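Student: The following block contains the structure, expressed as structure tokens.
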Amino acid sequence: MYGAMRSEFPQYKERTGLSVAIAAVGLFFATQASAQTRAVVELFTSQGCSSCPEADRLLGEIAKDPTVVAVSLPIDYWDYLGWKDTLADPKFTARQKAYSKARGDRQVYTPQIVVNGKLHALGSDRAGIEQAIKDSTGKSGVMSVPVKVAVANGQIGISVPDAPAGVHPGEVWISAIAKAMPVSIARGENKGKEVIYHNVVRNWLKVGDWTGKSASWTVPIENLSGQGVDGAVVYVQEGSREKPGAMLGASYATLR
């Protein structure tokens with residue numbers, strides 16, 4: 001489960017010079033959220049975890065905050081308990097374990113929230129999650145890089161500006177998400193329940209490397225295939241897939 005995560009699509013070629021990218025694909029950045037994102041909240045959850053439904057519900061509420069990008073990443077290590085998670089992906093299990101290894105605490109559990117790539121909290125603890133957002137804000141360049149995303153002409157345009165002083169380079173990733181996925185669970189600890197999973201990551205790929213200089217990329221929407229996909233999250237993060245670091249910036253875009 002500690003294996004390196006691999007993109008399912010080839011890395012996209014970076015094109016420097018925002019004006020060139022806009023002219024090439026006719027992008028209009030009106031889809032950019034008016035409020036700058038202050039946090040990326042990642043919920044590691046499982047359909048086989050009896051304490052997870054409350055966290056799944058809470059993530060749906062948190063996702064309504066326009067200053068927070070909230071996603072669900074269902075893991076697979078509870079599948080042996082009698083119900084195989086229908087949304088789980090071993091890449092998400094690997095990501096959760098990579099976070100714990102990077103922090104040095106090896107704490108891996110469900111429901112677990114990772115905030116801004118740095119801190120973790122119990123997924124059903126609203127106060128703890130908000131405290132983690134506050135505690136991580138402004139540290140190590142966390143959420144200091146505004147990421148602009150636009151959708152037009154079958155493309156997603158991504159723009160990242162020059163790095164503020166003291167901020168390290170990072171990787172640019174895009175996640176295809178399904179805003180709401182109801183699942184009826186027939187066996188295991190949640191037998192008989194229907195749980196709605198919010199902003200579930202269905203596809204995940206690396207767009208490119210951000211060197212700290214202003215750059216832009218375009219990604220064909222057709223490459224964000226996946227069940228129920230109707231949104232996309234773009235984020236810039238320090239480190240690598242094997243050792244993820246601080247979230248530097250993020251943005252969300254509706255695809256339909």
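Identifiers in the structure tokens: chain A, B, ... in order shown; residue index from 1 per chain; ligand index from 1 in order shown.
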Write out as a list in words which residues come within 12 Å of Leu58 of chain A when counting only C-alpha atoms, dropping same-chain ones fewer than 4 positions away.

Tutor: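 Counting only the stated atoms, we get Val41, Leu43, Thr45, Cys52, Pro53, Glu54, Ile62, Ala63, Lys64, Asp65, Ala70, Val71, Ser72, Pro111, Ile113, Leu122, Gly123, Ser124, Asp125, Arg126, Ala127, Ile129, Val195, Ile196, Tyr197 and His198 of chain A.
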
Student: For the residues in the current selection, export N, CA and C atoms as a PDB file, in the first residue's frame.

Tutor:
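Dumped everything to again_35.pdb:
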```
ATOM      1  N   VAL A  41      -9.129  20.476   2.148  1.00  0.00           N
ATOM      2  CA  VAL A  41      -9.501  19.484   3.155  1.00  0.00           C
ATOM      3  C   VAL A  41      -9.730  18.158   2.440  1.00  0.00           C
ATOM      4  N   LEU A  43     -10.682  14.210   2.937  1.00  0.00           N
ATOM      5  CA  LEU A  43     -11.257  13.220   3.840  1.00  0.00           C
ATOM      6  C   LEU A  43     -10.951  11.816   3.341  1.00  0.00           C
ATOM      7  N   THR A  45     -11.949   8.180   3.844  1.00  0.00           N
ATOM      8  CA  THR A  45     -13.154   7.562   4.372  1.00  0.00           C
ATOM      9  C   THR A  45     -13.321   6.166   3.797  1.00  0.00           C
ATOM     10  N   CYS A  52     -17.613   6.558   9.895  1.00  0.00           N
ATOM     11  CA  CYS A  52     -17.379   7.465   8.767  1.00  0.00           C
ATOM     12  C   CYS A  52     -18.601   8.239   8.277  1.00  0.00           C
ATOM     13  N   PRO A  53     -19.816   7.691   8.331  1.00  0.00           N
ATOM     14  CA  PRO A  53     -20.952   8.444   7.767  1.00  0.00           C
ATOM     15  C   PRO A  53     -21.114   9.852   8.323  1.00  0.00           C
ATOM     16  N   GLU A  54     -20.832  10.059   9.607  1.00  0.00           N
ATOM     17  CA  GLU A  54     -20.935  11.410  10.163  1.00  0.00           C
ATOM     18  C   GLU A  54     -19.909  12.338   9.531  1.00  0.00           C
ATOM     19  N   ILE A  62     -18.948  21.258   4.867  1.00  0.00           N
ATOM     20  CA  ILE A  62     -17.714  22.035   4.710  1.00  0.00           C
ATOM     21  C   ILE A  62     -17.539  22.465   3.253  1.00  0.00           C
ATOM     22  N   ALA A  63     -17.921  21.591   2.331  1.00  0.00           N
ATOM     23  CA  ALA A  63     -17.751  21.874   0.903  1.00  0.00           C
ATOM     24  C   ALA A  63     -18.568  23.072   0.438  1.00  0.00           C
ATOM     25  N   LYS A  64     -19.575  23.477   1.208  1.00  0.00           N
ATOM     26  CA  LYS A  64     -20.386  24.635   0.852  1.00  0.00           C
ATOM     27  C   LYS A  64     -19.651  25.957   1.098  1.00  0.00           C
ATOM     28  N   ASP A  65     -18.582  25.912   1.866  1.00  0.00           N
ATOM     29  CA  ASP A  65     -17.780  27.106   2.144  1.00  0.00           C
ATOM     30  C   ASP A  65     -16.942  27.429   0.908  1.00  0.00           C
ATOM     31  N   ALA A  70     -12.917  20.957  -0.570  1.00  0.00           N
ATOM     32  CA  ALA A  70     -13.078  19.734   0.211  1.00  0.00           C
ATOM     33  C   ALA A  70     -13.314  18.554  -0.717  1.00  0.00           C
ATOM     34  N   VAL A  71     -12.566  17.471  -0.505  1.00  0.00           N
ATOM     35  CA  VAL A  71     -12.704  16.285  -1.348  1.00  0.00           C
ATOM     36  C   VAL A  71     -12.721  15.024  -0.490  1.00  0.00           C
ATOM     37  N   SER A  72     -13.340  13.980  -1.041  1.00  0.00           N
ATOM     38  CA  SER A  72     -13.361  12.666  -0.403  1.00  0.00           C
ATOM     39  C   SER A  72     -12.450  11.717  -1.175  1.00  0.00           C
ATOM     40  N   PRO A 111     -12.499   7.966  10.134  1.00  0.00           N
ATOM     41  CA  PRO A 111     -12.379   9.012   9.114  1.00  0.00           C
ATOM     42  C   PRO A 111     -11.275  10.002   9.493  1.00  0.00           C
ATOM     43  N   ILE A 113      -9.157  13.492   8.344  1.00  0.00           N
ATOM     44  CA  ILE A 113      -9.055  14.684   7.498  1.00  0.00           C
ATOM     45  C   ILE A 113      -7.597  15.143   7.488  1.00  0.00           C
ATOM     46  N   LEU A 122      -9.684  14.357  13.214  1.00  0.00           N
ATOM     47  CA  LEU A 122     -10.774  13.405  13.088  1.00  0.00           C
ATOM     48  C   LEU A 122     -11.810  13.974  12.130  1.00  0.00           C
ATOM     49  N   GLY A 123     -12.234  13.168  11.174  1.00  0.00           N
ATOM     50  CA  GLY A 123     -13.104  13.658  10.120  1.00  0.00           C
ATOM     51  C   GLY A 123     -14.471  14.129  10.562  1.00  0.00           C
ATOM     52  N   SER A 124     -14.902  13.717  11.743  1.00  0.00           N
ATOM     53  CA  SER A 124     -16.219  14.140  12.250  1.00  0.00           C
ATOM     54  C   SER A 124     -16.121  15.263  13.267  1.00  0.00           C
ATOM     55  N   ASP A 125     -14.922  15.802  13.474  1.00  0.00           N
ATOM     56  CA  ASP A 125     -14.689  16.842  14.479  1.00  0.00           C
ATOM     57  C   ASP A 125     -14.599  18.199  13.792  1.00  0.00           C
ATOM     58  N   ARG A 126     -15.734  18.887  13.680  1.00  0.00           N
ATOM     59  CA  ARG A 126     -15.754  20.179  12.988  1.00  0.00           C
ATOM     60  C   ARG A 126     -14.797  21.185  13.629  1.00  0.00           C
ATOM     61  N   ALA A 127     -14.810  21.276  14.951  1.00  0.00           N
ATOM     62  CA  ALA A 127     -13.939  22.228  15.643  1.00  0.00           C
ATOM     63  C   ALA A 127     -12.472  21.893  15.405  1.00  0.00           C
ATOM     64  N   ILE A 129     -11.204  20.353  12.821  1.00  0.00           N
ATOM     65  CA  ILE A 129     -10.865  20.658  11.433  1.00  0.00           C
ATOM     66  C   ILE A 129     -10.631  22.151  11.257  1.00  0.00           C
ATOM     67  N   VAL A 195     -25.416   6.190   2.109  1.00  0.00           N
ATOM     68  CA  VAL A 195     -24.534   7.301   2.465  1.00  0.00           C
ATOM     69  C   VAL A 195     -24.244   8.117   1.206  1.00  0.00           C
ATOM     70  N   ILE A 196     -24.310   9.438   1.339  1.00  0.00           N
ATOM     71  CA  ILE A 196     -23.964  10.316   0.221  1.00  0.00           C
ATOM     72  C   ILE A 196     -22.522  10.775   0.404  1.00  0.00           C
ATOM     73  N   TYR A 197     -21.706  10.495  -0.593  1.00  0.00           N
ATOM     74  CA  TYR A 197     -20.301  10.895  -0.568  1.00  0.00           C
ATOM     75  C   TYR A 197     -20.147  12.148  -1.417  1.00  0.00           C
ATOM     76  N   HIS A 198     -19.476  13.137  -0.853  1.00  0.00           N
ATOM     77  CA  HIS A 198     -19.387  14.458  -1.472  1.00  0.00           C
ATOM     78  C   HIS A 198     -18.008  14.710  -2.075  1.00  0.00           C
TER      79      HIS A 198
END
```

Student: For the contact check between segment 199-249 of chain A and segment 83-105 of chain A, emit one row per residue of segment 199-249 of chain A within 9 Å, containing the shortest atom pair and the distance in Å rounded to one decimal, counting only C-alpha atoms, chain then rising number order, as CSV.

Tutor:
```
residue,atom,partner,partner_atom,distance
A:Val200,CA,A:Leu87,CA,8.1
A:Val201,CA,A:Leu87,CA,8.8
A:Arg202,CA,A:Leu87,CA,7.9
A:Arg241,CA,A:Arg95,CA,7.3
A:Glu242,CA,A:Ala98,CA,5.8
A:Lys243,CA,A:Ala102,CA,5.6
A:Pro244,CA,A:Tyr99,CA,6.2
A:Gly245,CA,A:Ala102,CA,7.4
```

Student: Counting only C-alpha atoms, which residues of segment 39-151 of chain A fall within 10 Å of segment 210-228 of chain A, and what is the closest atom pair for each with its distance in Å at one decimal, ordered by chain and rising number, as JSON lines?

Tutor:
```
{"residue": "A:Leu87", "atom": "CA", "partner": "A:Gln227", "partner_atom": "CA", "distance": 9.6}
{"residue": "A:Val145", "atom": "CA", "partner": "A:Gly212", "partner_atom": "CA", "distance": 9.7}
{"residue": "A:Val147", "atom": "CA", "partner": "A:Ser216", "partner_atom": "CA", "distance": 10.0}
{"residue": "A:Lys148", "atom": "CA", "partner": "A:Ser216", "partner_atom": "CA", "distance": 9.3}
{"residue": "A:Val149", "atom": "CA", "partner": "A:Thr218", "partner_atom": "CA", "distance": 9.6}
{"residue": "A:Ala150", "atom": "CA", "partner": "A:Thr218", "partner_atom": "CA", "distance": 9.5}
{"residue": "A:Val151", "atom": "CA", "partner": "A:Ile221", "partner_atom": "CA", "distance": 8.5}
```

Student: Counting only C-alpha atoms, which residue out of A:Gly128, A:Gly249, A:Gly60, A:Gly117 sits closest to Ile158 of chain A?

Tutor: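 Using only C-alpha atoms, the shortest distance to Ile158 of chain A belongs to A:Gly249.
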
Student: Run DSSP on the backbone and tell me which residues of segment 18-218 of chain A come out as helix (DSSP H, G or I); list them as a ChimeraX atom specification.

Tutor: /A:18-25,29-31,52-62,79-81,90-103,126-136,188-190
